[in-house]
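Student: Sharing my_file.pdb (PDB, C-alpha atoms, pLDDT in the B column) below.
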```
MODEL        1
ATOM      1  CA  MET A   1     -92.219 378.910 -94.405  1.00 72.00           C
ATOM      2  CA  ILE A   2     -93.905 377.586 -97.520  1.00 78.00           C
ATOM      3  CA  PRO A   3     -97.532 378.678 -97.774  1.00 84.00           C
ATOM      4  CA  LEU A   4     -99.878 375.733 -98.379  1.00 79.00           C
ATOM      5  CA  PRO A   5    -103.589 375.980 -98.983  1.00 88.00           C
ATOM      6  CA  LEU A   6    -105.780 373.943 -96.658  1.00 88.00           C
ATOM      7  CA  GLY A   7    -106.816 371.533 -99.460  1.00 90.00           C
ATOM      8  CA  ASP A   8    -103.189 370.745-100.356  1.00 90.00           C
ATOM      9  CA  LEU A   9    -102.305 370.221 -96.703  1.00 89.00           C
ATOM     10  CA  PHE A  10    -105.219 367.794 -96.279  1.00 94.00           C
ATOM     11  CA  SER A  11    -104.189 365.908 -99.458  1.00 94.00           C
ATOM     12  CA  LEU A  12    -100.595 365.653 -98.233  1.00 93.00           C
ATOM     13  CA  TYR A  13    -101.742 364.394 -94.826  1.00 95.00           C
ATOM     14  CA  LEU A  14    -104.092 361.832 -96.414  1.00 97.00           C
ATOM     15  CA  SER A  15    -101.390 360.616 -98.818  1.00 97.00           C
ATOM     16  CA  LEU A  16     -98.866 360.138 -96.007  1.00 97.00           C
ATOM     17  CA  PHE A  17    -101.480 358.287 -93.945  1.00 97.00           C
ATOM     18  CA  ILE A  18    -102.298 355.897 -96.818  1.00 97.00           C
ATOM     19  CA  ILE A  19     -98.601 355.299 -97.572  1.00 97.00           C
ATOM     20  CA  THR A  20     -97.962 354.532 -93.884  1.00 97.00           C
ATOM     21  CA  LEU A  21    -100.880 352.081 -93.761  1.00 97.00           C
ATOM     22  CA  ALA A  22     -99.690 350.362 -96.953  1.00 97.00           C
ATOM     23  CA  TYR A  23     -96.167 350.040 -95.535  1.00 97.00           C
ATOM     24  CA  LEU A  24     -97.420 348.572 -92.247  1.00 96.00           C
ATOM     25  CA  TRP A  25     -99.684 346.117 -94.093  1.00 94.00           C
ATOM     26  CA  PHE A  26     -96.832 345.028 -96.377  1.00 94.00           C
ATOM     27  CA  ARG A  27     -94.472 344.581 -93.407  1.00 93.00           C
ATOM     28  CA  ASP A  28     -97.066 342.504 -91.541  1.00 90.00           C
ATOM     29  CA  GLU A  29     -97.658 340.267 -94.570  1.00 87.00           C
ATOM     30  CA  ARG A  30     -93.930 339.624 -94.958  1.00 87.00           C
ATOM     31  CA  ARG A  31     -93.472 338.835 -91.254  1.00 86.00           C
ATOM     32  CA  ARG A  32     -96.364 336.387 -91.070  1.00 80.00           C
ATOM     33  CA  ALA A  33     -95.178 332.794 -91.109  1.00 69.00           C
ATOM     34  CA  PRO A  34     -96.615 330.761 -93.944  1.00 70.00           C
ATOM     35  CA  ASP A  35     -99.073 328.099 -92.908  1.00 65.00           C
ATOM     36  CA  ASP A  36     -97.932 324.567 -93.519  1.00 62.00           C
ATOM     37  CA  TRP A  37    -101.496 323.310 -93.849  1.00 60.00           C
ATOM     38  CA  THR A  38    -102.489 321.923 -97.185  1.00 61.00           C
ATOM     39  CA  ILE A  39    -105.869 320.466 -97.924  1.00 64.00           C
ATOM     40  CA  ALA A  40    -105.447 316.930 -99.140  1.00 62.00           C
ATOM     41  CA  LYS A  41    -107.609 313.847 -98.870  1.00 59.00           C
ATOM     42  CA  GLU A  42    -104.608 311.915 -97.556  1.00 63.00           C
ATOM     43  CA  ARG A  43    -104.785 313.948 -94.346  1.00 73.00           C
ATOM     44  CA  LEU A  44    -108.551 313.874 -93.868  1.00 79.00           C
ATOM     45  CA  TYR A  45    -109.727 311.912 -90.841  1.00 81.00           C
ATOM     46  CA  ILE A  46    -113.334 311.110 -89.969  1.00 83.00           C
ATOM     47  CA  CYS A  47    -114.190 310.287 -86.397  1.00 87.00           C
ATOM     48  CA  PRO A  48    -116.291 307.088 -86.130  1.00 87.00           C
ATOM     49  CA  ARG A  49    -117.907 308.263 -82.898  1.00 90.00           C
ATOM     50  CA  CYS A  50    -118.944 311.881 -83.513  1.00 92.00           C
ATOM     51  CA  HIS A  51    -118.524 311.941 -87.318  1.00 88.00           C
ATOM     52  CA  LEU A  52    -116.307 315.029 -87.253  1.00 89.00           C
ATOM     53  CA  SER A  53    -114.131 315.486 -90.331  1.00 86.00           C
ATOM     54  CA  PHE A  54    -110.786 317.123 -89.602  1.00 84.00           C
ATOM     55  CA  LEU A  55    -107.316 317.479 -91.046  1.00 81.00           C
ATOM     56  CA  ALA A  56    -104.303 316.044 -89.249  1.00 77.00           C
ATOM     57  CA  LYS A  57    -101.057 317.951 -89.142  1.00 73.00           C
ATOM     58  CA  ASP A  58     -98.740 314.921 -89.104  1.00 70.00           C
ATOM     59  CA  ASP A  59     -98.298 313.284 -92.512  1.00 63.00           C
ATOM     60  CA  SER A  60     -96.471 310.177 -91.350  1.00 71.00           C
ATOM     61  CA  ALA A  61     -98.985 308.993 -88.748  1.00 72.00           C
ATOM     62  CA  ASN A  62    -102.057 307.024 -89.735  1.00 77.00           C
ATOM     63  CA  ILE A  63    -103.705 307.407 -86.330  1.00 82.00           C
ATOM     64  CA  THR A  64    -104.685 310.519 -84.413  1.00 85.00           C
ATOM     65  CA  ARG A  65    -107.175 311.697 -81.794  1.00 86.00           C
ATOM     66  CA  CYS A  66    -110.422 313.481 -82.562  1.00 88.00           C
ATOM     67  CA  PRO A  67    -110.283 317.100 -81.373  1.00 88.00           C
ATOM     68  CA  ARG A  68    -113.943 317.018 -80.297  1.00 91.00           C
ATOM     69  CA  CYS A  69    -114.411 313.695 -78.458  1.00 92.00           C
ATOM     70  CA  ASN A  70    -110.788 312.458 -78.080  1.00 88.00           C
ATOM     71  CA  GLU A  71    -111.602 309.173 -79.848  1.00 87.00           C
ATOM     72  CA  MET A  72    -108.791 307.423 -81.727  1.00 86.00           C
ATOM     73  CA  CYS A  73    -109.216 307.864 -85.484  1.00 84.00           C
ATOM     74  CA  PHE A  74    -107.532 305.786 -88.153  1.00 79.00           C
ATOM     75  CA  LEU A  75    -106.734 306.997 -91.636  1.00 73.00           C
ATOM     76  CA  LYS A  76    -108.461 304.806 -94.170  1.00 68.00           C
ATOM     77  CA  LYS A  77    -106.249 303.925 -97.099  1.00 63.00           C
ATOM     78  CA  LYS A  78    -107.913 304.361-100.445  1.00 56.00           C
ATOM     79  CA  LYS A  79    -107.711 301.600-103.010  1.00 53.00           C
ATOM     80  CA  ARG A  80    -105.810 302.663-106.081  1.00 53.00           C
ATOM     81  CA  PHE A  81    -106.661 301.154-109.396  1.00 51.00           C
TER      82      PHE A  81
ENDMDL
END
```
As structure tokens, what does this structure read like?
Tutor:
Amino acid sequence: MIPLPLGDLFSLYLSLFIITLAYLWFRDERRRAPDDWTIAKERLYICPRCHLSFLAKDDSANITRCPRCNEMCFLKKKKRF
């Protein structure tokens, strides 16, 4: 058997623990699905009833329901100059 001082053994154990944590973190980051949410003013809805501002997931629709009060919200088209 190879003789190891207690300090070297502790350093080896700590290094292996940190490498294992880094590997698990990297694997989790690669597995995580990317979010398809993007912040854009074209997707911002404002509820006329409760004044909640929220983002809608569907790009093609110009109407959605408020998540707080279930009121129908329309996307206001901005005038472009």
Student: Given the file shown, determine the residues that the PyMOL selection byres ((chain A and resi 71) around 12) selects; report them as a PyMOL selection string.
Tutor: chain A and resi 45-52+63-70+72-74
Student: What does the distance from CA of Leu75 (chain A) to CA of Leu55 (chain A) come to in Å, to one decimal?
Tutor: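 Interatomic distance here is 10.5 Å.
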Student: What does the structure give for the distance between CA of Ala22 (chain A) and CA of Leu6 (chain A), in Å to one decimal?
Tutor: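 Pair CA of Ala22 (chain A) / CA of Leu6 (chain A) returns 24.4 Å.
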Student: One number please: CA of Leu16 (chain A) to CA of Pro3 (chain A), in Å, one decimal.
Tutor: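 These two atoms are separated by 18.7 Å.
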Student: For each of A:Glu29, A:Ser11, A:Thr20, A:Arg43, take the minimum atom-to-atom distance to Lys57 (chain A), counting only C-alpha atoms, then give the residue where this is smallest.
Tutor: A:Arg43
Student: Pull region 64-77 of chain A out of the block and emit all heavy atoms, as a PDB file, in the first residue's frame.
Tutor:
```pdb
ATOM      1  N   THR A  64     -55.399  36.941 -25.619  1.00  0.00           N
ATOM      2  CA  THR A  64     -55.104  35.908 -24.632  1.00  0.00           C
ATOM      3  C   THR A  64     -55.883  36.214 -23.359  1.00  0.00           C
ATOM      4  O   THR A  64     -56.557  37.229 -23.275  1.00  0.00           O
ATOM      5  CB  THR A  64     -53.589  35.829 -24.350  1.00  0.00           C
ATOM      6  OG1 THR A  64     -53.333  34.705 -23.531  1.00  0.00           O
ATOM      7  CG2 THR A  64     -53.085  37.084 -23.698  1.00  0.00           C
ATOM      8  N   ARG A  65     -55.810  35.346 -22.393  1.00  0.00           N
ATOM      9  CA  ARG A  65     -56.501  35.524 -21.119  1.00  0.00           C
ATOM     10  C   ARG A  65     -55.505  35.936 -20.042  1.00  0.00           C
ATOM     11  O   ARG A  65     -54.377  35.464 -20.009  1.00  0.00           O
ATOM     12  CB  ARG A  65     -57.182  34.237 -20.690  1.00  0.00           C
ATOM     13  CG  ARG A  65     -58.314  33.849 -21.603  1.00  0.00           C
ATOM     14  CD  ARG A  65     -59.576  33.819 -20.799  1.00  0.00           C
ATOM     15  NE  ARG A  65     -60.702  33.496 -21.668  1.00  0.00           N
ATOM     16  CZ  ARG A  65     -61.851  34.105 -21.562  1.00  0.00           C
ATOM     17  NH1 ARG A  65     -62.020  35.031 -20.650  1.00  0.00           N
ATOM     18  NH2 ARG A  65     -62.845  33.795 -22.337  1.00  0.00           N
ATOM     19  N   CYS A  66     -55.943  36.805 -19.170  1.00  0.00           N
ATOM     20  CA  CYS A  66     -55.120  37.261 -18.053  1.00  0.00           C
ATOM     21  C   CYS A  66     -54.938  36.101 -17.071  1.00  0.00           C
ATOM     22  O   CYS A  66     -55.905  35.441 -16.709  1.00  0.00           O
ATOM     23  CB  CYS A  66     -55.791  38.443 -17.367  1.00  0.00           C
ATOM     24  SG  CYS A  66     -54.935  39.003 -15.893  1.00  0.00           S
ATOM     25  N   PRO A  67     -53.716  35.840 -16.637  1.00  0.00           N
ATOM     26  CA  PRO A  67     -53.512  34.741 -15.688  1.00  0.00           C
ATOM     27  C   PRO A  67     -54.069  35.029 -14.295  1.00  0.00           C
ATOM     28  O   PRO A  67     -54.337  34.109 -13.546  1.00  0.00           O
ATOM     29  CB  PRO A  67     -51.993  34.575 -15.640  1.00  0.00           C
ATOM     30  CG  PRO A  67     -51.421  35.781 -16.248  1.00  0.00           C
ATOM     31  CD  PRO A  67     -52.467  36.427 -17.088  1.00  0.00           C
ATOM     32  N   ARG A  68     -54.289  36.287 -13.954  1.00  0.00           N
ATOM     33  CA  ARG A  68     -54.783  36.621 -12.621  1.00  0.00           C
ATOM     34  C   ARG A  68     -56.314  36.623 -12.566  1.00  0.00           C
ATOM     35  O   ARG A  68     -56.916  35.981 -11.719  1.00  0.00           O
ATOM     36  CB  ARG A  68     -54.267  37.992 -12.188  1.00  0.00           C
ATOM     37  CG  ARG A  68     -54.713  38.352 -10.778  1.00  0.00           C
ATOM     38  CD  ARG A  68     -54.315  39.743 -10.376  1.00  0.00           C
ATOM     39  NE  ARG A  68     -52.875  39.878 -10.250  1.00  0.00           N
ATOM     40  CZ  ARG A  68     -52.253  41.044 -10.166  1.00  0.00           C
ATOM     41  NH1 ARG A  68     -52.942  42.165 -10.211  1.00  0.00           N
ATOM     42  NH2 ARG A  68     -50.951  41.095 -10.048  1.00  0.00           N
ATOM     43  N   CYS A  69     -56.968  37.342 -13.483  1.00  0.00           N
ATOM     44  CA  CYS A  69     -58.425  37.511 -13.384  1.00  0.00           C
ATOM     45  C   CYS A  69     -59.198  36.832 -14.519  1.00  0.00           C
ATOM     46  O   CYS A  69     -60.416  36.910 -14.562  1.00  0.00           O
ATOM     47  CB  CYS A  69     -58.772  38.995 -13.345  1.00  0.00           C
ATOM     48  SG  CYS A  69     -58.368  39.875 -14.866  1.00  0.00           S
ATOM     49  N   ASN A  70     -58.502  36.219 -15.464  1.00  0.00           N
ATOM     50  CA  ASN A  70     -59.108  35.477 -16.576  1.00  0.00           C
ATOM     51  C   ASN A  70     -59.867  36.379 -17.545  1.00  0.00           C
ATOM     52  O   ASN A  70     -60.743  35.934 -18.270  1.00  0.00           O
ATOM     53  CB  ASN A  70     -59.997  34.357 -16.056  1.00  0.00           C
ATOM     54  CG  ASN A  70     -60.089  33.220 -17.037  1.00  0.00           C
ATOM     55  OD1 ASN A  70     -59.237  33.085 -17.909  1.00  0.00           O
ATOM     56  ND2 ASN A  70     -61.116  32.409 -16.904  1.00  0.00           N
ATOM     57  N   GLU A  71     -59.548  37.653 -17.563  1.00  0.00           N
ATOM     58  CA  GLU A  71     -60.150  38.613 -18.491  1.00  0.00           C
ATOM     59  C   GLU A  71     -59.468  38.469 -19.860  1.00  0.00           C
ATOM     60  O   GLU A  71     -58.284  38.186 -19.943  1.00  0.00           O
ATOM     61  CB  GLU A  71     -59.957  40.032 -17.953  1.00  0.00           C
ATOM     62  CG  GLU A  71     -60.508  41.123 -18.823  1.00  0.00           C
ATOM     63  CD  GLU A  71     -62.011  41.276 -18.704  1.00  0.00           C
ATOM     64  OE1 GLU A  71     -62.588  40.764 -17.731  1.00  0.00           O
ATOM     65  OE2 GLU A  71     -62.589  41.919 -19.592  1.00  0.00           O
ATOM     66  N   MET A  72     -60.237  38.685 -20.923  1.00  0.00           N
ATOM     67  CA  MET A  72     -59.639  38.642 -22.263  1.00  0.00           C
ATOM     68  C   MET A  72     -58.820  39.901 -22.501  1.00  0.00           C
ATOM     69  O   MET A  72     -59.290  41.010 -22.256  1.00  0.00           O
ATOM     70  CB  MET A  72     -60.731  38.511 -23.319  1.00  0.00           C
ATOM     71  CG  MET A  72     -61.412  37.163 -23.304  1.00  0.00           C
ATOM     72  SD  MET A  72     -62.752  36.997 -24.480  1.00  0.00           S
ATOM     73  CE  MET A  72     -61.972  37.347 -26.000  1.00  0.00           C
ATOM     74  N   CYS A  73     -57.579  39.716 -22.964  1.00  0.00           N
ATOM     75  CA  CYS A  73     -56.666  40.828 -23.195  1.00  0.00           C
ATOM     76  C   CYS A  73     -56.274  40.845 -24.663  1.00  0.00           C
ATOM     77  O   CYS A  73     -55.959  39.817 -25.242  1.00  0.00           O
ATOM     78  CB  CYS A  73     -55.416  40.696 -22.341  1.00  0.00           C
ATOM     79  SG  CYS A  73     -55.749  40.644 -20.585  1.00  0.00           S
ATOM     80  N   PHE A  74     -56.293  42.045 -25.234  1.00  0.00           N
ATOM     81  CA  PHE A  74     -55.939  42.216 -26.633  1.00  0.00           C
ATOM     82  C   PHE A  74     -54.568  42.872 -26.726  1.00  0.00           C
ATOM     83  O   PHE A  74     -54.249  43.768 -25.935  1.00  0.00           O
ATOM     84  CB  PHE A  74     -56.981  43.080 -27.352  1.00  0.00           C
ATOM     85  CG  PHE A  74     -58.334  42.467 -27.379  1.00  0.00           C
ATOM     86  CD1 PHE A  74     -59.283  42.800 -26.426  1.00  0.00           C
ATOM     87  CD2 PHE A  74     -58.674  41.555 -28.346  1.00  0.00           C
ATOM     88  CE1 PHE A  74     -60.539  42.238 -26.424  1.00  0.00           C
ATOM     89  CE2 PHE A  74     -59.923  40.970 -28.364  1.00  0.00           C
ATOM     90  CZ  PHE A  74     -60.865  41.320 -27.402  1.00  0.00           C
ATOM     91  N   LEU A  75     -53.803  42.453 -27.692  1.00  0.00           N
ATOM     92  CA  LEU A  75     -52.497  43.057 -27.928  1.00  0.00           C
ATOM     93  C   LEU A  75     -52.704  44.333 -28.726  1.00  0.00           C
ATOM     94  O   LEU A  75     -53.310  44.329 -29.794  1.00  0.00           O
ATOM     95  CB  LEU A  75     -51.592  42.084 -28.696  1.00  0.00           C
ATOM     96  CG  LEU A  75     -50.192  42.581 -28.994  1.00  0.00           C
ATOM     97  CD1 LEU A  75     -49.428  42.786 -27.699  1.00  0.00           C
ATOM     98  CD2 LEU A  75     -49.463  41.597 -29.865  1.00  0.00           C
ATOM     99  N   LYS A  76     -52.207  45.431 -28.189  1.00  0.00           N
ATOM    100  CA  LYS A  76     -52.350  46.702 -28.871  1.00  0.00           C
ATOM    101  C   LYS A  76     -51.217  46.844 -29.879  1.00  0.00           C
ATOM    102  O   LYS A  76     -50.049  46.715 -29.533  1.00  0.00           O
ATOM    103  CB  LYS A  76     -52.321  47.854 -27.884  1.00  0.00           C
ATOM    104  CG  LYS A  76     -53.480  47.850 -26.932  1.00  0.00           C
ATOM    105  CD  LYS A  76     -53.389  48.991 -25.964  1.00  0.00           C
ATOM    106  CE  LYS A  76     -54.551  48.959 -24.991  1.00  0.00           C
ATOM    107  NZ  LYS A  76     -54.460  50.003 -23.987  1.00  0.00           N
ATOM    108  N   LYS A  77     -51.564  47.105 -31.108  1.00  0.00           N
ATOM    109  CA  LYS A  77     -50.560  47.303 -32.140  1.00  0.00           C
ATOM    110  C   LYS A  77     -50.000  48.709 -32.027  1.00  0.00           C
ATOM    111  O   LYS A  77     -50.726  49.681 -31.894  1.00  0.00           O
ATOM    112  CB  LYS A  77     -51.165  47.085 -33.535  1.00  0.00           C
ATOM    113  CG  LYS A  77     -51.686  45.697 -33.766  1.00  0.00           C
ATOM    114  CD  LYS A  77     -50.537  44.718 -33.832  1.00  0.00           C
ATOM    115  CE  LYS A  77     -51.066  43.320 -34.101  1.00  0.00           C
ATOM    116  NZ  LYS A  77     -50.046  42.324 -34.073  1.00  0.00           N
TER     117      LYS A  77
END
```
